[in-house]
Each structure stands twice: as C-alpha cells, then as structure tokens.
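Visitor: Pasting a structure below so you can have a look.
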There are 2 protein chains.
Amino acid sequence: MAKVPYKTYLAEDEVPKAWYNVRADMKKKPAPLVDTATKDPLPAEVLERVFCRECVRQELDDTTQYIPIPGPVAEFYRMYRPSPLVRAYFLEKAIGGPAEIYYKFEGNNTSGSHKLNSAIAQAYYAKEQGLTDVTTETGAGQWGTALSMASAFFGLKCHVFMVKCSYEQKPFRREVMRTYGAEVTPSPSMETEIGRKINAEHPGTTGSLGCAISEAVEAAMKLPNARYLLGSVLNQVCLHQSVIGLETKAALEKLGVKPDVIIGCAGGGSNLSGLSAPFIGEMLRGEAKYRVVAVEPVNCPSLTKGEYRYDFCDTGKVCPMAKMYTLGCDFIPAADHAGGLRYHGMSSTLSELYDQKLIEAVALPQTKVFEAATLFARVEGILPAPESSHAICAAIDEARRCKAEDRKETIVFGLTGTGYFDLTAYAKFNDGQMTDA
Amino acid sequence: MAKVPYKTYLAEDEVPKAWYNVRADMKKKPAPLVDTATKDPLPAEVLERVFCRECVRQELDDTTQYIPIPGPVAEFYRMYRPSPLVRAYFLEKAIGGPAEIYYKFEGNNTSGSHKLNSAIAQAYYAKEQGLTDVTTETGAGQWGTALSMASAFFGLKCHVFMVKCSYEQKPFRREVMRTYGAEVTPSPSMETEIGRKINAEHPGTTGSLGCAISEAVEAAMKLPNARYLLGSVLNQVCLHQSVIGLETKAALEKLGVKPDVIIGCAGGGSNLSGLSAPFIGEMLRGEAKYRVVAVEPVNCPSLTKGEYRYDFCDTGKVCPMAKMYTLGCDFIPAADHAGGLRYHGMSSTLSELYDQKLIEAVALPQTKVFEAATLFARVEGILPAPESSHAICAAIDEARRCKAEDRKETIVFGLTGTGYFDLTAYAKFNDGQMTDA
C-alpha cells in the first residue's frame, strides 16, 4: 500500500453536502433549553426573538439526520475548506512510535480557527431572514473575528461586544475585526442598560464573557432588524461544526484508516462535538466503536468536575437555562491562557453523550499543555492555539501510552487553530513565568 | 470542461523534485558579486568564509538548469507544501470580470510567508556542512521566523539580529522565534564590535537592516562553527524560491490554463524571481510569451527609479558589491508599512532580467495598496501581508484594465504571506491615519 501522504485534501466533489445532526441518532436526546422562570421548554417563537429563525429550527430539530448545507455557505466553505487531514509523521518520530497520529487542521483561515464554520452559516441565515445587523460577544476573539468575516461576506453589520480586558490586551484581534468592517465595543460599555448598570456597580471592571453576552443580547433586541449569534454551546453550532468530522471521516476512509481514539479540546463543546459527531453516530447506530476524548483545562473542568443539571448559560442570567455539565454559572476560572476553554458549562449534546459514557474526559494543566504546544510547533511547523494544544497534549499522552504498551493505535485529534494572537501566553511560558495555579 | 476548482493542490508525486535555475537559460548572465576593493569577482573560497559551502556553489552556478531538492528539504516541504493555487472567484466577482485571476498562496505556515522555502534549504546545507550555529538579521521578522523554524528542525542554534525598532514594536514576532528556540538580539547590540561602534556613534538609535546584517556577519565570523544566512537578494535564494513558480506552472498546466500576466511584489526580489522563473525560462528559450510584473512601493522604487550599477548590498558596506538596480546603499526609504519591500537594491538576477526587458515594474502608493488589501481580505477571506498586497493591488489594476478593454486575460499573482503581525499598519489605515508621504 502506498504510504499515507502528509496531507489529505478531499476534492471539491467529495466534500460534505449536508451537516450531520447527531441528535437524530441519539435514543435519549439532549435536554431542551428551558425558561428560567417556569422551567418549561422554550418554544421556537420565544427563541426567535433572540436568534435567527432557521437557527432556532435547527436548534430544536433532534430528528433530521442530515441537514443540507445551503449553496452560499458551501460556496464560502470552498474558500478555506476542505481543511487538510495531516499525518503527523514528524510528531510520531519525536515520540518514537508505534502509534499513528493524524490531525484535522482548522486554523488555515484568517479567523484562525474552526469558528468560521458556524459563523458563515449563521450569517447566511440572518441575511436570508432579511436582517441587517447581527450582534455577538467575544472573549479571546476567535468567534468575533469569524463572525466579522462572515458578516462582511454577506453585507451584514456586525456588532461585537469584546470583553474589556481582551479588547485592551488583544488590540490586533480587534483590528482584524475592524478591517472586516465590524464595530467592536469594549464590554461592559455605556451603550446598553446592562453595561451601564455593571459599570456603575463595579467601577473599573474589565468585564466578563457573561456580561458581554448580556450586552450583545440586549443590543440585538433593541436594534430594529437584528439578532444575536452565538459561537459555541448551542445545538445549531455543534451541527454546523459537524463538517469537521464529516471531512475527517471521509478522508480517513479514503486512506483506508480506522481511528482508535478521537481527541478534541472542549470549551463550550462545538469543536469536539463537530469532530466526533459522525463517529459517535456510528457508535449510536452500533456500527463501530471508538474512544472519544474531551480535553479541558484543570482550571475549568466542567466535564471532569462539574455536575449534570440545569444551569444558566451566562453569568448575567439573561439567557435560557440548559441542562449540561456545569461548574455553576458563577464559577470564575483561575487565570488560564486558553480563553476559549474558560466556559463554566458544556454543550447539552456533548453533556448528554458524556453522561451516556460515549465520550471520556480528561483535564490538563496549562504548563504541560504549553510544553506539548512547543514540541508540536517545533516538529510539525505550526504554532498552535492554547486551546488546540490541549488536544495535542492529550494525543501525545495517548501516543506515549501506546509506546509503553507497544500498541499500534491510530490517534486522530482536532487542531482547531493557530496561536498567532496568543503570543503573550507563549512569552510567559518561554520566560518560565507560567504556573498552573 | 469542468469548472476550475477554488483551490488546486498538486499531489505529493506531482511536486517539484528539483529547483529551477533561471540563470542557466540566460544568454547574458547576471553580473557576479565582486570584492569591494578590487572589484574582482569573488571566488568560492572567499564567499565560503561567510556563507555555507553548498550555498556558495549554488550562488556561483549559472549553468545547471535543475538542481535537485535534497531529501530532507523535500520532506520538510511536505509539511506546508504544496501551497494552493487559488482561483480568485470572489475577487473576480467583486471586480465584475472578464479577467480570470489566480493566486499562489504562500502564507499557510507559521512563518507566514514564502521565506521558509529558502530557510529550510539553507539550514539543511549548514547542518550538512557540520555547522552548529547560524546567524542572520531580520527587519519585519518573516525571515527571522522562517530561519528559526528551519533551525529548530535541524537542531541548529539560530542567532537573529532584529532591527531594534522592530524588536520593540513587534514583540509577537520575536516571541515566535523564541518559541522555536532562537536567540533574538535587538540590533545594534553591545555583542558585536560594529554594534558597539554604532551605539557609541549614534546613542539611542533604533537600528537598520544594514546594521543588523553587519552584526550578523560579524557574529558568524566569530562563532567557532557558524555561517551567515540571508533571506533574499542572492541567487541561491531565488533558486530555492523557484519552487513557487514550478508548483504554480504545474498546477496551471493541470488545469489547462495559460497565464497572460504574472505579478509579484519585489523587495529583494526572491519572491517574484521564484514565482516567475519557470515562465521566464520559457521566454528565454523562445517557447512562450508572458508579461511579468514586479510591484514595488513608491517609497522604495529600486526598479522604477533606481540605477543599474554595482553597489553595496548593505548600508554598513561590509558585504560584497552586487550589480543591481539600486537607489544607493545609503537610501533611507520614507516610512512605509511594507517592511519587506524597503530594500535599496534588487536581486542581480531580477535586475538583469529587467534590464533585458523580460519583466516590467510598477510602483504603488501604500494607501492604495491597503485599500486593495482590505477589499481582498473581505472577499477572499485572507488578511494579506502589506508586502503581498502590492501584488494584489497591481492584479486588481490589471483586472480593471481588462474590464475597461473587455479583454479576458488570465492574471496570476503571488500572495506571499499573511498580515497577522502587521495589524499596527492596518490600524493606521482603518483609522484614516495612513499617508503616502
């Protein structure tokens, strides 16, 4: 058999034409979003006040197995997809075998991560609905960048509430969004009621994701023709991200490779859900067996240390409640450089799959994660995002276990993005100043 | 005929196995490097005091048409090559036809540019020669980053002298280099004689490329087992960069497309030389005719305003003299954000081809270049480097000319890199603070 190439790209006629909805194959479905007061499941007409109509339909649809990718979204995907499935020959060599390692690299686009997969879908549905404006929040900045790019593409005005400390510390992220025509406001701002309230109650606060979400929701409600878009956690986002897993599976099948372990970092859960969905579908249908591993930071261990119960999705408690593994909506993670993994909860879909023991979880300390990131950068030539580096680290651990046990397993992990805007974190690590506390 | 795909990747067995040496097909060869005192051509044994042996051999070889890419270099290339040849459907749509536009995208690697193509070759030859250390200078940072990555791969210690103002303004570039294990020193430093001299004569100076080159050369001479590596201008670098043009040509042939115009930005000349070499080779052999266009900033117009004569390669006048289009080695370009295009001269190969009228040149002002960059980012989804944006801008100009003349021409340009580390420049443009002065 020919040696597996370093990179496998699907041809344009091999790319997925539809997203895969793993909920359709789940006998026990993820629990629905409920009203914070009545605890009743929220009907579409209520959710549509905040979210786009089609996104709400997808949010609530737990029976349709495949949902077609609309033409303009597929067209946009062609701009940066299919992403490569890379055989990590150099990493394998550094570890010394016998495991075979693959990674799906989602970072080769200007947003720098997989977030664009859902941003373009949500922006498309907003445009289709005749909206003119969209609002969102961003912490680390990947999602805000992705939505700015998607909005520019469809001619939507994008309003991003950026957590103030990120706004100040990451001026370059902010500038990318501005280049794509987005209006970026540090949160808490004086432009919303909730922002003014928080500023009055906590003078000098540098903000939080919870506060930025609340401001973005308020702004969407007040603008004449806008909705709020969210970059993770929700079922619709996991659905759009299934394109990662579908491409991965198609490429592996093309190579005749069956994975043993599938690894992804998990913050809100959209990346791991997207990467693993088609494989978990096979498990749900009794067609195959895999190990699926969620990797989270020890500083924000929602799956490994959280409780499975209904909780608020945001710190401000303005959003509906979701049943999920949660550390509590008031949980403040210790300082950690993986900004995208600092969410207190986990997507309902992934939480339910974890509860059904279809996925495992592991929590890793950040210094070990940055050691793995540095090794990976040097041997594989890609400077990874801190979030993605959690998956790298777990993959290396698995490969070392294989070496110790002399087992030739096939490991696939998701490399969600690049670390080009995370160099303050790398500097801290390079200077020996990073701790795990 | 099937529609041309958005992206064309060569398969691993289709990638170039050898670099193309355009000098072999030139009847009138580029003029040799000469001794600054005697003006005699420099023999290999003198050049080898500064440069690696094999690099010197390639520098002086103007007769061998194809030079094999060594195995380990080809192996490294597989990590990030082949780069995609992209059909710019979205840009074509924004312009409104009828021109067909393609670009070769070299930015999908952590160095963020094409520089890695020569860095890995030079690092390999250094390793093969038994060296332990390499030295270089970097201004904007792309070359320093590329050489840091290449050195890490072969286990060489890399010493980078980074122009002090860049060192201070671009801490993130510096941090990428450090992550790859490089030692980055702001120049002028107190670690070399010339650095101490310059610091004494010009207290508080923020440095220049010329000074950094002089320090890197001195450091290479003083370290027990080191040589100096350079990222552009030299024949050897143009040779290594021919991999860009060879891949581009192979991909176009696969698609059955013959270009009319080939466009590249030109600072030292390695990018345009690399992109255009195989096409110019066809012209030299009388097999085809193309327009090849070099794009430079109006603030540093070495081809369009320079003189073709022998000049010093560096401001410090420690390097040999080269015959080239030059603005004079004391030329200080006005402030311009395309740091990679601020060189006073132009590679001897490209200069000679320009003198033979095989290439054209155009100079563009930076505000117009950033307008083109912003349009490109929004429609094609890639935030381009300021240097690369010169080629984008010229390609758009050509496409608009085609529209005005209703001519369906095929335009190919080189997108050398991404602008993720150039956001200070974008901010200035976004704020309306950028001028052409």
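So you can find residues: chains in the structure tokens are A, B, ... in the order shown, residues in each start at 1, and ligands are numbered from 1 in order.
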At a cut-off of 9 Å, using only C-alpha atoms, what residues contact Arg227 of chain A? Leave out same-chain residues fewer than 2 positions from it and give the result as a list in words.
Guide: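 Final neighbour list, sorted by chain and number: Glu48, Arg49, Val50, Phe51, Cys52, Ala126, Leu131, Asp133, Val134, Thr135, Thr136, Val217, Ala219, Ala220, Met221, Leu223, Asn225 and Leu229 of chain A.
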Visitor: Residues at most 12 Å from Asp355 of chain A, counting only C-alpha atoms, excluding those fewer than 2 positions away in the same chain, as a list in words?
Guide: Lys28, Lys29, Pro30, Ala31, Leu303, Thr304, Gly306, Glu307, Tyr308, Arg309, Lys323, Met324, Tyr325, Met346, Ser348, Thr349, Leu350, Ser351, Glu352, Leu353, Lys357, Leu358, Ile359, Glu360 and Ala361 of chain A
Visitor: Nearest to Lys428 of chain A: which of B:Asp406, B:Lys197, B:Phe172, B:Gly339 is it, counting only C-alpha atoms?
Guide: B:Phe172
Visitor: Report the distance between atom CA of Glu201 of chain B and atom CA of Thr36 of chain B in Å, rounded to one decimal place.
Guide: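 These atoms are spaced 23.8 Å apart.
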Visitor: Would you list, as a list in words, the residues of segment 237-373 of chain B that end up in strand (DSSP E) under DSSP run on this structure's backbone?
Guide: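 Those residues are Val261, Ile262, Ile263, Gly264, Cys265, Arg291, Val292, Val293, Ala294, Val295, Glu296, Pro297, Glu307, Tyr308, Arg309, Tyr310, Asp311, Phe312, Met321, Ala322, Lys323, Met324, Tyr325, Thr326, Glu360, Ala361, Val362, Ala363 and Leu364 of chain B.
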Visitor: Return the neighbours of chain A among the residues of chain B, cut-off 7 Å, counting only C-alpha atoms, as a list of chain:residue names.
Guide: B:Pro5, B:Tyr6, B:Glu12, B:Arg78, B:Met79, B:Asn108, B:Asn109, B:Thr110, B:Met149, B:Ala152, B:Phe153, B:Phe172, B:Glu175, B:Thr179, B:Tyr180, B:Thr374, B:Arg378, B:Val379, B:Glu380, B:Gly381, B:Ile382, B:Leu383, B:Leu423, B:Ala427, B:Asn430
Visitor: Please, which residues of segment 127-344 of chain A, numbered as in this document, come out helix (DSSP H, G or I) from DSSP, as JSON, numbers by chain?
Guide: {"A": [127, 128, 142, 143, 144, 145, 146, 147, 148, 149, 150, 151, 152, 153, 154, 164, 165, 166, 167, 168, 169, 171, 172, 173, 174, 175, 176, 177, 178, 179, 193, 194, 195, 196, 197, 198, 199, 200, 201, 209, 210, 211, 212, 213, 214, 215, 216, 217, 218, 219, 220, 221, 222, 235, 236, 237, 238, 239, 240, 241, 242, 243, 244, 245, 246, 247, 248, 249, 250, 251, 252, 253, 254, 255, 270, 271, 272, 273, 274, 275, 276, 277, 278, 279, 280, 281, 282, 283, 284, 302, 303, 304, 305, 339, 340, 341]}
Visitor: For those residues, write C-alpha atoms to a file as a compact mmCIF listing (two decimals), in the first residue's frame.
Guide:
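Contents of the output file again_12.txt:
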# COMPACT_ATOMS: atom_id res chain seq x y z
CA LYS A 127 -29.20 37.51 5.70
CA GLU A 128 -31.88 35.15 4.37
CA GLN A 142 -11.74 33.95 17.52
CA TRP A 143 -15.51 33.92 17.34
CA GLY A 144 -15.76 37.68 16.93
CA THR A 145 -13.22 37.55 14.11
CA ALA A 146 -15.04 34.69 12.41
CA LEU A 147 -18.39 36.45 12.62
CA SER A 148 -16.87 39.70 11.34
CA MET A 149 -15.54 37.87 8.28
CA ALA A 150 -18.86 36.10 7.68
CA SER A 151 -20.83 39.32 8.11
CA ALA A 152 -18.60 41.20 5.68
CA PHE A 153 -19.20 38.45 3.14
CA PHE A 154 -22.97 38.82 3.31
CA LYS A 164 -12.76 44.72 28.01
CA CYS A 165 -9.58 43.03 29.21
CA SER A 166 -9.29 41.24 25.85
CA TYR A 167 -10.10 44.45 24.00
CA GLU A 168 -7.18 46.11 25.73
CA GLN A 169 -4.78 43.16 25.70
CA PRO A 171 -5.65 45.08 20.02
CA PHE A 172 -4.62 43.03 16.99
CA ARG A 173 -7.66 40.77 17.19
CA ARG A 174 -9.79 43.87 17.46
CA GLU A 175 -8.09 45.33 14.41
CA VAL A 176 -8.79 42.26 12.27
CA MET A 177 -12.48 42.62 13.14
CA ARG A 178 -12.41 46.31 12.24
CA THR A 179 -10.71 45.51 8.95
CA GLU A 193 -28.58 49.27 30.07
CA ILE A 194 -26.90 46.23 31.49
CA GLY A 195 -23.48 47.63 30.58
CA ARG A 196 -24.19 50.92 32.33
CA LYS A 197 -25.55 49.03 35.34
CA ILE A 198 -22.46 46.84 35.61
CA ASN A 199 -20.14 49.83 35.14
CA ALA A 200 -22.00 51.66 37.91
CA GLU A 201 -21.90 48.70 40.28
CA LEU A 209 -17.97 36.81 28.88
CA GLY A 210 -21.24 36.64 30.78
CA CYS A 211 -21.57 40.41 30.78
CA ALA A 212 -20.66 40.68 27.10
CA ILE A 213 -23.30 38.08 26.22
CA SER A 214 -25.92 40.07 28.10
CA GLU A 215 -24.96 43.28 26.29
CA ALA A 216 -24.99 41.60 22.88
CA VAL A 217 -28.43 40.10 23.54
CA GLU A 218 -29.77 43.47 24.70
CA ALA A 219 -28.30 45.19 21.64
CA ALA A 220 -29.89 42.63 19.32
CA MET A 221 -33.30 43.16 20.93
CA LYS A 222 -33.04 46.96 20.62
CA ASN A 235 -27.02 22.52 19.17
CA GLN A 236 -27.05 24.54 15.93
CA VAL A 237 -23.35 25.36 16.35
CA CYS A 238 -22.46 21.72 17.01
CA LEU A 239 -24.46 20.87 13.89
CA HIS A 240 -22.51 23.30 11.68
CA GLN A 241 -19.22 22.09 13.12
CA SER A 242 -20.03 18.53 12.05
CA VAL A 243 -18.41 19.50 8.75
CA ILE A 244 -15.08 18.93 10.55
CA GLY A 245 -15.94 15.37 11.48
CA LEU A 246 -17.54 14.55 8.14
CA GLU A 247 -14.46 15.67 6.24
CA THR A 248 -12.21 13.83 8.69
CA LYS A 249 -14.18 10.62 8.31
CA ALA A 250 -14.29 10.87 4.51
CA ALA A 251 -10.54 11.47 4.35
CA LEU A 252 -9.77 8.58 6.70
CA GLU A 253 -11.99 6.28 4.68
CA LYS A 254 -10.22 7.40 1.51
CA LEU A 255 -6.96 6.39 3.17
CA SER A 270 -18.69 22.80 19.47
CA ASN A 271 -15.27 21.70 18.23
CA LEU A 272 -15.22 18.26 19.81
CA SER A 273 -18.87 17.74 19.01
CA GLY A 274 -18.23 18.60 15.37
CA LEU A 275 -15.11 16.46 15.07
CA SER A 276 -16.61 13.43 16.76
CA ALA A 277 -20.27 13.56 15.65
CA PRO A 278 -20.10 11.18 12.66
CA PHE A 279 -18.00 8.72 14.65
CA ILE A 280 -20.36 8.89 17.61
CA GLY A 281 -23.22 8.40 15.16
CA GLU A 282 -21.67 5.09 14.14
CA MET A 283 -21.43 4.12 17.79
CA LEU A 284 -25.03 5.12 18.43
CA SER A 302 -16.75 21.28 33.55
CA LEU A 303 -16.96 17.63 32.48
CA THR A 304 -14.46 16.13 34.89
CA LYS A 305 -15.53 18.09 37.97
CA GLY A 339 -9.50 31.80 26.77
CA GLY A 340 -11.72 29.66 24.55
CA LEU A 341 -11.92 26.91 27.19
Visitor: So what do you get for atom CA of His390 of chain A versus atom CA of Ala119 of chain A, distance-wise?
Guide: 23.2 Å
Visitor: Show me, as a list in words, the residues that have an atom within 9 Å of Phe105 of chain A when counting only C-alpha atoms, minus same-chain residues fewer than 6 positions from it.
Guide: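 The contact residues come out as Ser83, Pro84, Leu85, Val86, Ser113, His114, Phe413, Gly414, Leu415, Thr416 and Gly417 of chain A.
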Visitor: For atom CA of Val261 of chain B and atom CA of Pro386 of chain B, quote the distance in Å rounded to one decimal.
Guide: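 Spanning atom CA of Val261 of chain B to atom CA of Pro386 of chain B is a straight-line distance of 21.0 Å.
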Visitor: Find, counting only C-alpha atoms, the residue in B:Gly231, B:Pro224, B:Gly328, B:Pro365 that gets nearest to Ala140 of chain B.
Guide: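 When distances to Ala140 of chain B are compared using only C-alpha atoms, the smallest one comes from B:Gly231.
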Visitor: Considering only C-alpha atoms, return as a VMD selection string whatever protein or nucleic-acid residues lie within 10 Å of Pro297 of chain B, sequence-local ones (same chain, fewer than 4 positions apart) excluded.
Guide: chain B and resid 265 to 267 301 to 302 304 333 336 to 338 341 to 342 362 to 366 369 387 390 436
Visitor: Could the residues in this selection be saved with all heavy atoms as a short mmCIF file (atom, residue, chain, number, x, y, z; two decimals), in the first residue's frame?
Guide:
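That gives us result.cif:
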data_model
loop_
_atom_site.label_atom_id
_atom_site.label_comp_id
_atom_site.auth_asym_id
_atom_site.auth_seq_id
_atom_site.Cartn_x
_atom_site.Cartn_y
_atom_site.Cartn_z
N CYS B 265 5.15 40.96 -5.79
CA CYS B 265 5.80 42.09 -5.13
C CYS B 265 7.31 41.83 -5.15
O CYS B 265 7.75 40.68 -5.21
CB CYS B 265 5.30 42.26 -3.70
SG CYS B 265 5.57 40.87 -2.62
N ALA B 266 8.07 42.91 -5.10
CA ALA B 266 9.52 42.76 -5.18
C ALA B 266 10.21 43.68 -4.18
O ALA B 266 10.07 44.90 -4.25
CB ALA B 266 10.01 43.04 -6.60
N GLY B 267 10.89 43.06 -3.21
CA GLY B 267 11.70 43.82 -2.26
C GLY B 267 13.15 43.54 -2.62
O GLY B 267 13.77 44.27 -3.38
N PRO B 301 11.44 52.63 -4.74
CA PRO B 301 11.27 52.19 -6.14
C PRO B 301 12.57 51.81 -6.81
O PRO B 301 13.01 52.47 -7.76
CB PRO B 301 10.65 53.44 -6.78
CG PRO B 301 11.27 54.59 -6.02
CD PRO B 301 11.57 54.08 -4.63
N SER B 302 13.20 50.73 -6.37
CA SER B 302 14.53 50.42 -6.89
C SER B 302 14.52 50.13 -8.39
O SER B 302 15.42 50.57 -9.10
CB SER B 302 15.16 49.26 -6.10
OG SER B 302 14.25 48.24 -5.87
N THR B 304 11.94 50.96 -10.65
CA THR B 304 11.35 52.04 -11.46
C THR B 304 12.13 53.35 -11.39
O THR B 304 12.05 54.17 -12.29
CB THR B 304 9.88 52.30 -11.03
OG1 THR B 304 9.83 52.45 -9.60
CG2 THR B 304 8.97 51.15 -11.43
N PRO B 333 14.38 54.72 2.90
CA PRO B 333 13.01 54.89 2.41
C PRO B 333 12.15 55.66 3.41
O PRO B 333 12.36 55.55 4.62
CB PRO B 333 12.51 53.46 2.23
CG PRO B 333 13.41 52.61 3.04
CD PRO B 333 14.71 53.32 3.16
N ASP B 336 7.07 53.35 5.58
CA ASP B 336 6.19 52.54 4.75
C ASP B 336 5.97 51.25 5.52
O ASP B 336 6.90 50.75 6.15
CB ASP B 336 6.85 52.27 3.38
CG ASP B 336 5.89 51.63 2.39
OD1 ASP B 336 5.50 50.47 2.60
OD2 ASP B 336 5.53 52.30 1.42
N HIS B 337 4.75 50.74 5.46
CA HIS B 337 4.46 49.59 6.29
C HIS B 337 4.84 48.25 5.68
O HIS B 337 4.69 47.22 6.31
CB HIS B 337 3.00 49.62 6.72
CG HIS B 337 2.75 50.66 7.75
ND1 HIS B 337 3.15 50.51 9.06
CD2 HIS B 337 2.22 51.89 7.66
CE1 HIS B 337 2.84 51.58 9.75
NE2 HIS B 337 2.27 52.45 8.93
N ALA B 338 5.31 48.27 4.43
CA ALA B 338 5.74 47.02 3.82
C ALA B 338 7.23 46.83 4.11
O ALA B 338 8.08 47.05 3.26
CB ALA B 338 5.45 47.04 2.33
N LEU B 341 9.71 45.28 1.78
CA LEU B 341 9.99 45.86 0.46
C LEU B 341 10.86 47.11 0.55
O LEU B 341 10.94 47.89 -0.37
CB LEU B 341 8.67 46.20 -0.27
CG LEU B 341 7.66 45.06 -0.44
CD1 LEU B 341 6.43 45.54 -1.21
CD2 LEU B 341 8.28 43.87 -1.16
N ARG B 342 11.49 47.28 1.72
CA ARG B 342 12.26 48.50 1.93
C ARG B 342 13.75 48.36 1.61
O ARG B 342 14.57 49.07 2.15
CB ARG B 342 12.09 48.97 3.39
CG ARG B 342 10.70 49.53 3.70
CD ARG B 342 10.46 49.63 5.21
NE ARG B 342 11.47 50.41 5.88
CZ ARG B 342 11.45 51.71 6.04
NH1 ARG B 342 10.45 52.41 5.58
NH2 ARG B 342 12.41 52.34 6.67
N VAL B 362 6.24 48.29 -11.68
CA VAL B 362 5.31 49.35 -11.36
C VAL B 362 5.47 49.69 -9.88
O VAL B 362 5.76 48.81 -9.07
CB VAL B 362 3.85 48.93 -11.71
CG1 VAL B 362 3.42 47.71 -10.92
CG2 VAL B 362 2.86 50.06 -11.48
N ALA B 363 5.32 50.96 -9.52
CA ALA B 363 5.44 51.37 -8.12
C ALA B 363 4.09 51.89 -7.64
O ALA B 363 3.45 52.69 -8.34
CB ALA B 363 6.51 52.45 -7.97
N LEU B 364 3.66 51.43 -6.46
CA LEU B 364 2.34 51.79 -5.95
C LEU B 364 2.42 52.46 -4.59
O LEU B 364 3.26 52.10 -3.77
CB LEU B 364 1.46 50.54 -5.84
CG LEU B 364 1.15 49.81 -7.16
CD1 LEU B 364 0.37 48.53 -6.86
CD2 LEU B 364 0.35 50.71 -8.10
N PRO B 365 1.50 53.43 -4.33
CA PRO B 365 1.48 54.09 -3.03
C PRO B 365 0.75 53.23 -1.98
O PRO B 365 -0.19 52.51 -2.33
CB PRO B 365 0.70 55.37 -3.31
CG PRO B 365 -0.18 55.04 -4.47
CD PRO B 365 0.54 53.99 -5.28
N GLN B 366 1.16 53.33 -0.73
CA GLN B 366 0.67 52.37 0.26
C GLN B 366 -0.81 52.51 0.61
O GLN B 366 -1.45 51.50 0.93
CB GLN B 366 1.54 52.36 1.51
CG GLN B 366 1.52 53.62 2.34
CD GLN B 366 2.31 53.44 3.63
OE1 GLN B 366 2.70 52.34 3.98
NE2 GLN B 366 2.53 54.53 4.35
N VAL B 369 -2.56 50.51 -1.81
CA VAL B 369 -2.25 49.10 -1.55
C VAL B 369 -3.12 48.57 -0.40
O VAL B 369 -3.65 47.46 -0.46
CB VAL B 369 -0.74 48.94 -1.22
CG1 VAL B 369 -0.45 47.59 -0.60
CG2 VAL B 369 0.09 49.15 -2.49
N GLU B 387 3.26 43.56 2.15
CA GLU B 387 4.12 43.30 1.00
C GLU B 387 3.30 42.65 -0.11
O GLU B 387 3.26 43.12 -1.25
CB GLU B 387 5.29 42.38 1.39
CG GLU B 387 6.31 43.00 2.34
CD GLU B 387 5.89 42.94 3.81
OE1 GLU B 387 4.79 42.41 4.09
OE2 GLU B 387 6.66 43.42 4.67
N HIS B 390 0.83 44.54 -2.36
CA HIS B 390 1.27 45.26 -3.55
C HIS B 390 0.93 44.46 -4.81
O HIS B 390 0.49 45.02 -5.82
CB HIS B 390 2.79 45.53 -3.49
CG HIS B 390 3.16 46.63 -2.54
ND1 HIS B 390 3.06 46.50 -1.18
CD2 HIS B 390 3.57 47.91 -2.77
CE1 HIS B 390 3.43 47.63 -0.61
NE2 HIS B 390 3.75 48.50 -1.54
N ASP B 436 0.81 58.62 2.16
CA ASP B 436 1.76 58.08 1.19
C ASP B 436 3.10 58.81 1.22
O ASP B 436 3.98 58.52 0.42
CB ASP B 436 1.16 58.17 -0.22
CG ASP B 436 0.01 57.20 -0.37
OD1 ASP B 436 0.09 56.11 0.22
OD2 ASP B 436 -0.96 57.53 -1.06
#
Visitor: Give me the residues within 10 Å of Leu33 of chain B as a short mmCIF file (atom, residue, chain, number, x, y, z; two decimals) with N, CA, C and O atoms, in the first residue's frame, counting only C-alpha atoms and dropping any in the same chain fewer than 4 places off.
Guide:
data_model
loop_
_atom_site.label_atom_id
_atom_site.label_comp_id
_atom_site.auth_asym_id
_atom_site.auth_seq_id
_atom_site.Cartn_x
_atom_site.Cartn_y
_atom_site.Cartn_z
N LYS B 39 37.20 45.06 -6.95
CA LYS B 39 36.13 44.94 -7.94
C LYS B 39 36.24 43.63 -8.76
O LYS B 39 35.59 43.48 -9.79
N ASP B 40 37.06 42.71 -8.28
CA ASP B 40 37.16 41.41 -8.94
C ASP B 40 36.05 40.48 -8.45
O ASP B 40 35.67 40.56 -7.28
N PRO B 41 35.56 39.61 -9.34
CA PRO B 41 34.57 38.61 -8.90
C PRO B 41 35.11 37.82 -7.72
O PRO B 41 36.30 37.46 -7.71
N LEU B 42 34.26 37.56 -6.75
CA LEU B 42 34.70 36.85 -5.54
C LEU B 42 34.69 35.36 -5.77
O LEU B 42 33.68 34.79 -6.17
N PRO B 43 35.81 34.69 -5.51
CA PRO B 43 35.86 33.23 -5.68
C PRO B 43 35.15 32.52 -4.52
O PRO B 43 34.94 33.11 -3.46
N LEU B 47 33.88 33.58 -0.47
CA LEU B 47 32.47 33.61 -0.07
C LEU B 47 32.17 32.58 1.03
O LEU B 47 31.33 32.80 1.89
N GLU B 59 25.27 29.72 -5.53
CA GLU B 59 25.34 31.15 -5.83
C GLU B 59 26.10 31.39 -7.13
O GLU B 59 25.74 32.27 -7.92
N LEU B 60 27.13 30.59 -7.32
CA LEU B 60 28.01 30.80 -8.48
C LEU B 60 27.62 29.98 -9.70
O LEU B 60 28.15 30.22 -10.80
N LEU B 234 20.10 37.18 -2.95
CA LEU B 234 21.11 36.29 -3.52
C LEU B 234 20.52 35.32 -4.54
O LEU B 234 19.35 34.95 -4.47
N TYR B 310 26.93 48.60 -10.07
CA TYR B 310 27.44 47.93 -8.87
C TYR B 310 27.20 48.80 -7.65
O TYR B 310 27.39 50.02 -7.70
N ASP B 311 26.74 48.15 -6.57
CA ASP B 311 26.51 48.90 -5.34
C ASP B 311 26.73 47.94 -4.16
O ASP B 311 26.78 46.71 -4.33
N PHE B 312 26.86 48.52 -2.98
CA PHE B 312 26.97 47.70 -1.78
C PHE B 312 25.61 47.07 -1.46
O PHE B 312 24.57 47.69 -1.66
N CYS B 313 25.66 45.83 -0.95
CA CYS B 313 24.42 45.14 -0.60
C CYS B 313 23.89 45.61 0.74
O CYS B 313 22.73 45.37 1.07
N CYS B 319 29.47 43.85 3.17
CA CYS B 319 29.20 42.75 2.24
C CYS B 319 29.83 43.06 0.88
O CYS B 319 30.21 44.19 0.61
N PRO B 320 29.90 42.04 0.01
CA PRO B 320 30.41 42.27 -1.35
C PRO B 320 29.50 43.24 -2.10
O PRO B 320 28.40 43.55 -1.65
N MET B 321 29.95 43.68 -3.26
CA MET B 321 29.12 44.53 -4.11
C MET B 321 28.41 43.68 -5.15
O MET B 321 28.96 42.69 -5.64
N ALA B 322 27.20 44.09 -5.48
CA ALA B 322 26.42 43.38 -6.50
C ALA B 322 25.99 44.38 -7.56
O ALA B 322 25.74 45.54 -7.27
N LYS B 323 25.90 43.88 -8.80
CA LYS B 323 25.36 44.73 -9.84
C LYS B 323 23.84 44.59 -9.81
O LYS B 323 23.31 43.47 -9.93
N SER B 348 20.35 40.57 -8.31
CA SER B 348 21.07 40.68 -9.59
C SER B 348 20.34 39.96 -10.71
O SER B 348 20.31 40.45 -11.85
#
Visitor: Here is a test: counting only C-alpha atoms, which residue of B:Lys317, B:Lys17, B:Lys157, B:Arg57 is nearest to Asp35 of chain B?
Guide: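 Distance minimum relative to Asp35 of chain B lands on B:Lys317.
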